[in-house]
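Shown here: final-v7.csv, CSV, C-alpha atoms.
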chain,number,residue,atom,x,y,z
A,282,MET,CA,0.0,0.0,0.0
A,283,ASN,CA,1.3,3.4,-1.0
A,284,ARG,CA,1.9,5.4,2.2
A,285,ASP,CA,3.0,8.5,0.3
A,286,PHE,CA,-0.2,8.8,-1.7
A,287,ARG,CA,-1.4,12.2,-3.0
A,288,GLN,CA,-5.1,11.6,-2.7
A,289,ILE,CA,-7.8,9.1,-2.1
A,290,ARG,CA,-10.8,9.2,-4.5
A,291,LEU,CA,-14.3,7.8,-4.0
A,292,GLU,CA,-16.2,7.6,-7.3
A,293,GLY,CA,-19.9,6.9,-7.3
A,294,VAL,CA,-19.6,4.7,-4.2
A,295,THR,CA,-22.9,3.0,-3.4
A,296,ARG,CA,-24.0,0.4,-0.9
A,297,ARG,CA,-27.3,-1.3,-1.4
A,298,PHE,CA,-29.1,-3.4,1.2
A,299,SER,CA,-32.0,-5.7,0.8
A,300,ASP,CA,-33.8,-7.1,3.8
A,301,ALA,CA,-36.3,-9.9,3.9
A,302,GLY,CA,-39.7,-8.5,3.2
A,303,ARG,CA,-38.4,-5.1,2.4
A,304,ALA,CA,-37.5,-3.4,-0.8
A,305,ALA,CA,-33.8,-2.8,-1.5
A,306,PHE,CA,-32.5,0.6,-0.4
A,307,ASN,CA,-29.3,2.5,-0.8
A,308,ALA,CA,-27.6,3.2,2.6
A,309,VAL,CA,-25.0,5.2,0.6
A,310,SER,CA,-25.8,6.5,-2.9
A,311,GLY,CA,-23.3,7.8,-5.5
A,312,LEU,CA,-20.7,9.2,-3.0
A,313,THR,CA,-18.0,11.0,-5.0
A,314,LEU,CA,-15.2,12.7,-3.1
A,315,THR,CA,-11.5,13.5,-3.5
A,316,ILE,CA,-9.5,13.7,-0.3
A,317,GLU,CA,-6.0,15.2,-0.4
A,318,ARG,CA,-3.1,13.8,1.6
A,319,GLY,CA,-3.1,15.2,5.2
A,320,GLU,CA,-6.7,16.4,5.1
A,321,PHE,CA,-9.1,16.0,8.0
A,322,ILE,CA,-12.5,15.1,6.6
A,323,ALA,CA,-15.7,14.9,8.7
A,324,LEU,CA,-18.6,12.8,7.6
A,325,LEU,CA,-21.5,14.6,9.3
A,326,GLY,CA,-25.2,13.7,9.5
A,327,PRO,CA,-28.0,12.4,11.6
A,328,SER,CA,-28.2,8.8,12.8
A,329,GLY,CA,-29.0,6.4,10.0
A,330,CYS,CA,-27.8,8.8,7.2
A,331,GLY,CA,-25.1,6.4,5.9
A,332,LYS,CA,-21.9,8.0,7.2
A,333,SER,CA,-20.7,4.9,9.2
A,334,THR,CA,-21.6,2.7,6.2
A,335,ALA,CA,-19.5,5.0,4.0
A,336,LEU,CA,-16.6,4.7,6.4
A,337,ASN,CA,-16.9,0.9,6.4
A,338,LEU,CA,-16.8,0.8,2.6
A,339,VAL,CA,-13.5,2.8,2.7
A,340,ALA,CA,-12.2,0.4,5.4
A,341,GLY,CA,-13.2,-2.7,3.4
A,342,LEU,CA,-15.5,-4.0,6.1
A,343,LEU,CA,-18.4,-3.8,3.6
A,344,PRO,CA,-18.3,-4.5,-0.1
A,345,LEU,CA,-19.4,-1.9,-2.6
A,346,SER,CA,-22.6,-2.4,-4.6
A,347,ASP,CA,-21.3,0.1,-7.2
A,348,GLY,CA,-18.6,2.6,-7.7
A,349,SER,CA,-14.8,2.5,-7.0
A,350,ILE,CA,-12.2,3.6,-4.5
A,351,TRP,CA,-8.7,4.7,-5.6
A,352,LEU,CA,-5.5,5.5,-3.8
A,353,ASP,CA,-3.8,7.7,-6.5
A,354,ASP,CA,-3.8,5.3,-9.5
A,355,GLU,CA,-4.4,2.1,-7.5
A,356,ARG,CA,-7.9,0.8,-7.3
A,357,ILE,CA,-8.3,-0.6,-3.7
A,358,ASP,CA,-12.0,-1.4,-3.3
A,359,ALA,CA,-11.4,-5.1,-4.1
A,360,LEU,CA,-8.7,-5.4,-1.5
A,361,PRO,CA,-9.5,-7.0,1.9
A,362,PRO,CA,-9.2,-4.7,5.0
A,363,GLU,CA,-5.8,-6.0,6.0
A,364,LYS,CA,-4.3,-5.3,2.6
A,365,ARG,CA,-5.4,-1.7,2.7
A,366,GLY,CA,-3.4,-1.0,5.8
A,367,PHE,CA,-5.7,1.7,7.2
A,368,GLY,CA,-5.9,2.5,10.9
A,369,MET,CA,-9.4,2.2,12.4
A,370,VAL,CA,-10.8,3.7,15.7
A,371,PHE,CA,-14.2,2.3,16.6
A,372,GLN,CA,-17.0,3.8,18.7
A,373,ASN,CA,-16.7,1.1,21.3
A,374,TYR,CA,-12.9,1.1,21.4
A,375,ALA,CA,-12.7,-2.7,20.5
A,376,LEU,CA,-9.7,-3.3,22.8
A,377,PHE,CA,-8.6,-6.8,23.9
A,378,PRO,CA,-9.7,-6.9,27.6
A,379,HIS,CA,-7.1,-9.5,28.5
A,380,MET,CA,-4.1,-7.6,27.0
A,381,SER,CA,-2.2,-4.7,28.6
A,382,VAL,CA,-2.1,-1.3,27.0
A,383,VAL,CA,1.2,-2.1,25.4
A,384,ARG,CA,0.0,-5.4,24.0
A,385,ASN,CA,-3.1,-3.8,22.6
A,386,ILE,CA,-1.1,-1.1,20.9
A,387,ASP,CA,1.6,-3.3,19.4
A,388,PHE,CA,-0.8,-6.0,18.3
A,389,GLY,CA,-0.9,-4.8,14.6
A,390,LEU,CA,2.9,-4.5,14.5
A,391,ARG,CA,3.4,-8.0,15.9
A,392,MET,CA,0.9,-9.4,13.3
A,393,ARG,CA,3.1,-7.7,10.6
A,394,GLY,CA,6.2,-9.5,11.9
A,395,MET,CA,8.0,-6.3,12.7
A,396,PRO,CA,11.4,-6.6,14.6
A,397,ALA,CA,11.0,-6.3,18.4
A,398,ALA,CA,13.3,-3.3,18.7
A,399,GLU,CA,11.3,-1.4,16.1
A,400,ILE,CA,8.0,-2.3,17.9
A,401,ARG,CA,9.4,-1.0,21.2
A,402,ARG,CA,10.5,2.3,19.6
A,403,ARG,CA,7.1,2.9,17.8
A,404,VAL,CA,5.1,2.0,20.9
A,405,ALA,CA,7.2,4.3,23.1
A,406,ASP,CA,6.7,7.1,20.6
A,407,VAL,CA,2.9,6.8,20.4
A,408,LEU,CA,2.5,6.3,24.2
A,409,LYS,CA,4.2,9.7,24.6
A,410,MET,CA,2.0,11.2,21.8
A,411,VAL,CA,-1.3,10.1,23.4
A,412,GLN,CA,0.0,10.8,26.9
A,413,LEU,CA,-0.3,7.3,28.4
A,414,ILE,CA,3.2,7.1,29.9
A,415,GLY,CA,2.9,5.2,33.1
A,416,GLN,CA,-0.2,3.2,32.0
A,417,GLU,CA,1.7,0.7,29.9
A,418,ASN,CA,1.0,-2.4,31.9
A,419,LYS,CA,-2.6,-1.8,32.9
A,420,LEU,CA,-5.6,-3.7,31.4
A,421,PRO,CA,-8.3,-1.8,29.6
A,422,GLY,CA,-10.7,-2.4,32.5
A,423,GLN,CA,-8.4,-0.4,34.7
A,424,LEU,CA,-8.5,2.7,32.5
A,425,SER,CA,-11.0,5.5,32.2
A,426,GLY,CA,-13.1,5.9,29.1
A,427,GLY,CA,-10.9,8.6,27.8
A,428,GLN,CA,-7.7,6.6,28.4
A,429,GLN,CA,-9.2,3.6,26.6
A,430,GLN,CA,-10.1,5.8,23.6
A,431,ARG,CA,-6.5,7.0,23.6
A,432,VAL,CA,-5.3,3.4,23.5
A,433,ALA,CA,-7.5,2.8,20.5
A,434,ILE,CA,-6.1,5.9,18.8
A,435,ALA,CA,-2.5,4.8,19.6
A,436,ARG,CA,-3.2,1.3,18.2
A,437,ALA,CA,-4.6,2.9,14.9
A,438,ILE,CA,-1.6,5.3,14.4
A,439,VAL,CA,1.3,3.1,15.5
A,440,ILE,CA,1.2,1.1,12.2
A,441,GLN,CA,1.7,4.5,10.4
A,442,PRO,CA,-1.3,4.0,8.1
A,443,PRO,CA,-1.8,6.1,5.0
A,444,LEU,CA,-5.4,6.8,6.2
A,445,VAL,CA,-7.0,6.9,9.7
A,446,LEU,CA,-10.7,6.2,10.0
A,447,MET,CA,-12.6,7.2,13.1
A,448,ASP,CA,-16.2,6.1,13.7
A,449,GLU,CA,-17.9,8.3,16.3
A,450,PRO,CA,-14.9,7.9,18.6
A,451,LEU,CA,-16.2,10.3,21.3
A,452,SER,CA,-19.8,9.3,21.6
A,453,ASN,CA,-19.3,7.1,24.7
A,454,LEU,CA,-17.5,9.8,26.7
A,455,ASP,CA,-19.0,12.3,29.0
A,456,ALA,CA,-19.0,16.0,28.1
A,457,LYS,CA,-15.7,16.9,29.8
A,458,LEU,CA,-13.9,13.9,28.3
A,459,ARG,CA,-15.3,14.6,24.9
A,460,LEU,CA,-13.8,18.1,24.9
A,461,GLU,CA,-10.4,16.8,26.2
A,462,THR,CA,-10.2,13.9,23.8
A,463,ARG,CA,-11.3,16.1,20.9
A,464,SER,CA,-8.3,18.4,21.6
A,465,GLU,CA,-6.1,15.4,21.7
A,466,ILE,CA,-7.3,14.2,18.3
A,467,ARG,CA,-6.8,17.6,16.8
A,468,ARG,CA,-3.2,17.8,18.3
A,469,ILE,CA,-2.3,14.3,17.1
A,470,HIS,CA,-3.6,15.0,13.6
A,471,ARG,CA,-1.5,18.2,13.5
A,472,ASP,CA,1.6,16.4,14.7
A,473,LEU,CA,1.2,13.4,12.4
A,474,ALA,CA,-0.4,15.1,9.4
A,475,ARG,CA,-2.2,11.8,8.6
A,476,THR,CA,-5.2,11.8,6.3
A,477,THR,CA,-8.2,11.3,8.5
A,478,ILE,CA,-11.9,10.5,7.8
A,479,TYR,CA,-14.0,11.1,11.0
A,480,VAL,CA,-17.6,10.1,11.4
A,481,THR,CA,-19.8,12.1,13.7
A,482,HIS,CA,-23.4,13.3,14.2
A,483,ASP,CA,-22.1,16.2,16.4
A,484,GLN,CA,-21.9,19.5,14.5
A,485,GLU,CA,-19.6,21.0,17.1
A,486,GLU,CA,-17.1,18.2,16.7
A,487,ALA,CA,-17.1,18.4,12.9
A,488,LEU,CA,-16.8,22.2,12.9
A,489,SER,CA,-13.9,22.2,15.4
A,490,LEU,CA,-11.9,19.3,13.9
A,491,ALA,CA,-12.4,19.2,10.1
A,492,ASP,CA,-10.7,20.9,7.2
A,493,ARG,CA,-13.8,20.0,5.1
A,494,ILE,CA,-17.2,18.6,6.1
A,495,ILE,CA,-19.4,16.3,4.1
A,496,VAL,CA,-23.0,16.5,5.2
A,497,MET,CA,-25.0,13.3,4.4
A,498,ILE,CA,-28.7,12.9,4.7
A,499,ASP,CA,-30.5,9.6,3.7
A,500,GLY,CA,-27.4,8.2,2.2
A,501,VAL,CA,-26.9,11.2,-0.2
A,502,VAL,CA,-24.2,13.9,0.1
A,503,GLN,CA,-26.0,17.3,0.6
A,504,GLN,CA,-23.0,19.6,0.9
A,505,ILE,CA,-19.2,19.5,0.8
A,506,GLY,CA,-17.5,22.6,2.2
A,507,THR,CA,-15.3,24.1,4.9
A,508,PRO,CA,-16.7,24.4,8.4
A,509,GLN,CA,-17.4,28.1,7.8
A,510,GLU,CA,-19.3,27.4,4.6
A,511,VAL,CA,-21.4,24.6,6.1
A,512,TYR,CA,-22.2,26.6,9.2
A,513,SER,CA,-23.1,29.9,7.7
A,514,GLN,CA,-24.2,29.0,4.2
A,515,PRO,CA,-26.1,25.7,4.2
A,516,ALA,CA,-26.6,24.4,0.7
A,517,ASN,CA,-30.3,23.6,1.2
A,518,LEU,CA,-33.1,23.5,3.7
A,519,ALA,CA,-32.2,20.0,5.0
A,520,VAL,CA,-28.7,21.0,5.8
A,521,ALA,CA,-29.8,24.3,7.4
A,522,THR,CA,-32.2,22.4,9.6
A,523,PHE,CA,-29.5,19.9,10.7
A,524,MET,CA,-27.0,22.7,11.3
A,525,GLY,CA,-29.1,24.4,13.8
A,526,TYR,CA,-31.4,26.7,11.9
A,527,ARG,CA,-34.3,25.9,14.2
A,528,ASN,CA,-36.5,28.7,13.2
A,529,LEU,CA,-38.3,27.8,10.0
A,530,LEU,CA,-41.2,29.8,8.5
A,531,GLU,CA,-43.1,29.0,5.4
A,532,LEU,CA,-44.2,32.3,3.9
A,533,ASP,CA,-45.5,33.8,0.6
A,534,VAL,CA,-42.9,35.3,-1.7
A,535,GLU,CA,-43.8,39.0,-2.2
A,536,ARG,CA,-40.8,40.2,-4.1
A,537,SER,CA,-37.5,38.8,-5.3
A,538,ASP,CA,-34.7,41.2,-6.3
A,539,GLY,CA,-31.4,39.4,-6.9
A,540,GLU,CA,-30.3,37.8,-3.7
A,541,ARG,CA,-32.8,39.7,-1.6
A,542,VAL,CA,-36.3,38.2,-1.1
A,543,THR,CA,-39.2,39.7,0.7
A,544,LEU,CA,-41.7,37.2,2.3
A,545,THR,CA,-45.0,37.8,4.0
A,546,GLY,CA,-47.3,35.9,6.3
A,547,PRO,CA,-50.4,36.7,8.4
A,548,ASP,CA,-48.3,38.6,11.0
A,549,VAL,CA,-44.7,38.4,9.6
A,550,ARG,CA,-42.9,40.3,6.9
A,551,LEU,CA,-39.2,39.5,6.4
A,552,THR,CA,-36.5,40.2,3.9
A,553,GLY,CA,-33.9,37.5,3.6
A,554,THR,CA,-31.1,36.2,1.4
A,555,ARG,CA,-31.9,33.8,-1.3
A,556,LYS,CA,-29.8,30.6,-1.3
A,557,LEU,CA,-31.3,28.7,-4.3
A,558,PRO,CA,-33.6,29.6,-7.3
A,559,LEU,CA,-37.1,30.3,-6.1
A,560,PRO,CA,-40.3,29.4,-7.9
A,561,ASP,CA,-43.3,31.7,-7.6
A,562,GLY,CA,-45.5,31.1,-4.6
A,563,ARG,CA,-44.1,30.1,-1.2
A,564,ALA,CA,-40.6,29.6,0.3
A,565,TRP,CA,-39.0,28.8,3.6
A,566,VAL,CA,-36.9,31.2,5.6
A,567,ALA,CA,-34.4,29.7,8.1
A,568,MET,CA,-32.9,31.5,11.1
A,569,ARG,CA,-30.6,30.5,13.9
A,570,PRO,CA,-31.8,31.1,17.5
A,571,GLU,CA,-28.5,32.8,18.4
A,572,GLU,CA,-28.6,35.2,15.4
A,573,MET,CA,-32.0,36.7,16.3
A,574,MET,CA,-32.1,39.6,18.8
A,575,VAL,CA,-34.7,40.6,21.3
A,576,GLY,CA,-35.2,44.3,21.3
A,577,ASP,CA,-37.5,47.3,21.2
A,578,GLY,CA,-37.7,47.5,17.4
A,579,ALA,CA,-41.4,47.6,16.9
A,580,GLY,CA,-42.2,48.7,13.4
A,581,SER,CA,-38.6,48.4,12.1
A,582,ALA,CA,-37.7,46.1,9.2
A,583,ASN,CA,-37.3,42.4,9.8
A,584,THR,CA,-38.9,42.6,13.3
A,585,ILE,CA,-41.5,40.2,14.5
A,586,ALA,CA,-43.9,40.7,17.4
A,587,VAL,CA,-44.0,37.6,19.6
A,588,ARG,CA,-45.2,36.4,23.0
A,589,VAL,CA,-42.8,34.5,25.4
A,590,ASP,CA,-44.2,31.0,25.9
A,591,ALA,CA,-41.4,29.5,28.0
A,592,VAL,CA,-37.8,30.3,29.2
A,593,GLU,CA,-35.0,27.8,29.5
A,594,TYR,CA,-32.1,29.1,31.6
A,595,CYS,CA,-28.8,28.1,30.0
A,596,GLY,CA,-26.2,29.9,32.2
A,597,ARG,CA,-24.8,32.7,30.2
A,598,ASP,CA,-28.1,33.2,28.4
A,599,SER,CA,-31.6,31.8,28.1
A,600,LEU,CA,-33.5,30.0,25.3
A,601,LEU,CA,-36.8,31.7,24.7
A,602,ASP,CA,-39.7,29.8,23.3
A,603,LEU,CA,-41.8,32.4,21.4
A,604,ARG,CA,-45.0,32.4,19.4
A,605,THR,CA,-46.5,34.9,17.0
A,606,ALA,CA,-50.1,35.9,17.0
A,607,SER,CA,-50.9,33.4,14.2
A,608,GLY,CA,-49.1,30.6,15.9
A,609,HIS,CA,-45.6,30.5,14.3
A,610,ARG,CA,-43.1,29.1,16.8
A,611,LEU,CA,-39.7,30.7,17.2
A,612,HIS,CA,-36.6,30.0,19.4
A,613,VAL,CA,-34.2,32.8,20.3
A,614,ARG,CA,-31.2,32.9,22.6
A,615,ALA,CA,-31.1,36.1,24.7
A,616,THR,CA,-29.6,37.6,27.8
A,617,GLY,CA,-31.7,39.3,30.4
A,618,ASP,CA,-34.8,38.3,32.4
A,619,TYR,CA,-37.9,37.3,30.6
A,620,ALA,CA,-41.2,35.8,31.9
A,621,ALA,CA,-43.7,33.7,30.2
A,622,GLY,CA,-46.5,35.8,28.8
A,623,THR,CA,-44.3,38.8,28.1
A,624,GLN,CA,-44.8,40.6,24.7
A,625,VAL,CA,-41.5,41.3,22.9
A,626,HIS,CA,-40.1,41.9,19.5
A,627,VAL,CA,-37.3,39.9,17.8
A,628,HIS,CA,-35.1,41.1,14.9
A,629,VAL,CA,-33.0,39.2,12.4
A,630,PRO,CA,-30.4,40.7,10.0
A,631,VAL,CA,-31.3,40.3,6.3
A,632,GLU,CA,-28.1,38.3,5.7
A,633,ARG,CA,-28.9,35.8,8.4
A,634,ALA,CA,-32.5,35.0,7.3
A,635,LEU,CA,-31.7,32.4,4.6
A,636,VAL,CA,-34.5,31.7,2.0
A,637,TYR,CA,-34.9,28.3,0.4
A,638,PRO,CA,-37.5,26.9,-2.0
A,639,GLN,CA,-40.1,24.5,-0.7
A,640,ALA,CA,-38.5,21.0,-0.1
Hey, can you dump this file as structure tokens for me?
Amino acid sequence: MNRDFRQIRLEGVTRRFSDAGRAAFNAVSGLTLTIERGEFIALLGPSGCGKSTALNLVAGLLPLSDGSIWLDDERIDALPPEKRGFGMVFQNYALFPHMSVVRNIDFGLRMRGMPAAEIRRRVADVLKMVQLIGQENKLPGQLSGGQQQRVAIARAIVIQPPLVLMDEPLSNLDAKLRLETRSEIRRIHRDLARTTIYVTHDQEEALSLADRIIVMIDGVVQQIGTPQEVYSQPANLAVATFMGYRNLLELDVERSDGERVTLTGPDVRLTGTRKLPLPDGRAWVAMRPEEMMVGDGAGSANTIAVRVDAVEYCGRDSLLDLRTASGHRLHVRATGDYAAGTQVHVHVPVERALVYPQA
């Protein structure tokens, strides 16, 4: 396997499943992607969207129904997993419970018949890198969840793979450990510059770690972009909804002038930024709770009169559950004291009200 590859390419990768009594369906459909050497790629999407299936197709743990996978000019989708030589970090760690930390880490090297001196050198290097010095002879059951995950990461990188695959590696950790281990993964990737494909359903993880994010929904890629692009400029309504644009209003299109679109409803009139071509009729406007402001702007543009239905205290701010007179629900993050039943106004900047055609 070429460890100095320039890129890995997925061309029309598809995985079709057929269950007894159920029509065949594509868990992954037509995935086409080029990953450059050293990139950190996040496969992001809700549960059941096909992201773990895509990772297993790259790893060789599942066969392709269609398409191909290339490492530069070498087609590898017909190779068994052990011939691909990729490092894999599983959600449940998959450590050998009867083996010490060292024996878990050096397992792959021993299976490859590497000389003992080289094994000791590599293991010592990765133990230092994942900060497990002093834990070498413990069994996995004697370690914390975060330490076990670091053993799993060490085992994956000690073989110096051309590609590291991580499947929801932080999902079993508590909030504090997730943050700590996320920082470790970022540091290790920076130090090693290994190409990484990372599966997660957590938007914050993907945004903080990845060079590029691939958003998948129902087995289909919806958007490929930098974290900044995916966060602030979702490609369609489905991506916007998944990326935290909780406020969705279906309104009539009153006027469209270039990127600016004015929409109206029974008690709402908004001007937003068009993201896709709009047919005549109705459209959706999507807004983030944290990008709407509570204020005194009665009568000003892009201001909606609402009633506070409920208040969720979140520490530095509160999440307000709001309702317009006609029943539209809105969610806004705000500082200050608000009580249920209070009448307030909320404002959204034109550039942060994103307008999409009906799904």
**Request:** Quote the spacing between atom CA of Ala397 of chain A and atom CA of Lys419 of chain A in Å to one decimal place.
**Result:** 20.4 Å
Excluding segment 393-396 of chain A and residues on its chain fewer than 6 positions from it, collect all residues at most 12 Å away from it, counting all atoms listed in the file, and give them as an mmCIF file with C-alpha atoms, in the coordinates of the input.
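selection16.cif written:
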data_model
loop_
_atom_site.group_PDB
_atom_site.id
_atom_site.type_symbol
_atom_site.label_atom_id
_atom_site.label_comp_id
_atom_site.auth_asym_id
_atom_site.auth_seq_id
_atom_site.Cartn_x
_atom_site.Cartn_y
_atom_site.Cartn_z
ATOM 1 C CA GLU A 363 -5.800 -6.000 6.000
ATOM 2 C CA LYS A 364 -4.300 -5.300 2.600
ATOM 3 C CA GLY A 366 -3.400 -1.000 5.800
ATOM 4 C CA ASP A 387 1.600 -3.300 19.400
ATOM 5 C CA ARG A 402 10.500 2.300 19.600
ATOM 6 C CA ARG A 403 7.100 2.900 17.800
ATOM 7 C CA VAL A 439 1.300 3.100 15.500
ATOM 8 C CA ILE A 440 1.200 1.100 12.200
#
**Request:** Can you work out which one of A:Met497, A:Val432, A:Leu444, A:Val294 has the shortest atom-to-atom distance to Thr462 of chain A, counting only C-alpha atoms?
**Result:**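 Nearest to Thr462 of chain A: A:Val432.
The neighbours of Pro547 of chain A here are the residues that come within 9 Å of it, using all atoms listed in the file and leaving out any residue fewer than 3 positions away in the same chain; they are Leu532, Arg550, Ala606 and Ser607 of chain A.
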**Computed interatomic separation between atom CA of Gly368 of chain A and atom CA of Ile438 of chain A (Å)** =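 Computing it gives 6.2 Å between the two atoms.
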**Prompt:** Could you work out how far atom CA of Gly348 of chain A lies from atom CA of Ala305 of chain A, giving the answer in Å with one decimal?
**Reply:**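 Taking atom CA of Ala305 of chain A and atom CA of Gly348 of chain A, their separation equals 17.3 Å.
Once segment 306-315 of chain A and its same-chain neighbours fewer than 3 positions away are set aside, Ile289, Arg290, Leu291, Glu292, Gly293, Val294, Thr295, Arg296, Arg297, Phe298, Gly331, Gly500 and Val501 of chain A remain within 6 Å of it when counting all atoms listed in the file.
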Determine, counting all atoms listed in the file, which protein, DNA and RNA residues have an atom within 8 Å of an atom of segment 320-325 of chain A; residues of the same chain fewer than 3 positions away are not included. Present the result as a PDB file with C-alpha atoms, in the frame of the given file.
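Output (around_39.pdb):
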ATOM      1  CA  ILE A 316      -9.500  13.700  -0.300  1.00  0.00           C
ATOM      2  CA  GLU A 317      -6.000  15.200  -0.400  1.00  0.00           C
ATOM      3  CA  LYS A 332     -21.900   8.000   7.200  1.00  0.00           C
ATOM      4  CA  HIS A 470      -3.600  15.000  13.600  1.00  0.00           C
ATOM      5  CA  ALA A 474      -0.400  15.100   9.400  1.00  0.00           C
ATOM      6  CA  ARG A 475      -2.200  11.800   8.600  1.00  0.00           C
ATOM      7  CA  THR A 476      -5.200  11.800   6.300  1.00  0.00           C
ATOM      8  CA  THR A 477      -8.200  11.300   8.500  1.00  0.00           C
ATOM      9  CA  ILE A 478     -11.900  10.500   7.800  1.00  0.00           C
ATOM     10  CA  TYR A 479     -14.000  11.100  11.000  1.00  0.00           C
ATOM     11  CA  VAL A 480     -17.600  10.100  11.400  1.00  0.00           C
ATOM     12  CA  THR A 481     -19.800  12.100  13.700  1.00  0.00           C
ATOM     13  CA  HIS A 482     -23.400  13.300  14.200  1.00  0.00           C
ATOM     14  CA  ASP A 483     -22.100  16.200  16.400  1.00  0.00           C
ATOM     15  CA  GLN A 484     -21.900  19.500  14.500  1.00  0.00           C
ATOM     16  CA  ALA A 487     -17.100  18.400  12.900  1.00  0.00           C
ATOM     17  CA  LEU A 490     -11.900  19.300  13.900  1.00  0.00           C
ATOM     18  CA  ALA A 491     -12.400  19.200  10.100  1.00  0.00           C
ATOM     19  CA  ASP A 492     -10.700  20.900   7.200  1.00  0.00           C
ATOM     20  CA  ARG A 493     -13.800  20.000   5.100  1.00  0.00           C
ATOM     21  CA  ILE A 494     -17.200  18.600   6.100  1.00  0.00           C
ATOM     22  CA  ILE A 495     -19.400  16.300   4.100  1.00  0.00           C
ATOM     23  CA  VAL A 496     -23.000  16.500   5.200  1.00  0.00           C
ATOM     24  CA  MET A 497     -25.000  13.300   4.400  1.00  0.00           C
TER      25      MET A 497
END
**Prompt:** Restricting the calculation to all atoms listed in the file, which member of A:Glu540, A:Gly525, A:Gln509, A:Asp455 is positioned closest to Ser425 of chain A?
**Reply:** A:Asp455
**Prompt:** So which one's closest to Leu451 of chain A, A:Val370, A:Val511, A:Leu488, A:Val339? Using only C-alpha atoms, please.
**Reply:** A:Val370
**Request:** Select all residues near (-8.9, -0.4, 12.1) (cut-off 10 Å, inclusive, file coordinates), counting only C-alpha atoms, and output them as a list in words.
**Result:**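 The residues that fall inside the cut-off are Asn337, Ala340, Gly341, Leu342, Pro362, Glu363, Gly366, Phe367, Gly368, Met369, Val370, Phe371, Ala375, Gly389, Ala433, Ile434, Arg436, Ala437, Ile438, Pro442, Leu444, Val445, Leu446, Met447 and Asp448 of chain A.
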**Item:** Best match for closeness to Glu535 of chain A among A:Ala564, A:Lys556, A:Pro443, A:Pro515, counting only C-alpha atoms
**Value:**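 Ranking A:Ala564, A:Lys556, A:Pro443, A:Pro515 by distance to Glu535 of chain A, first place goes to A:Ala564.
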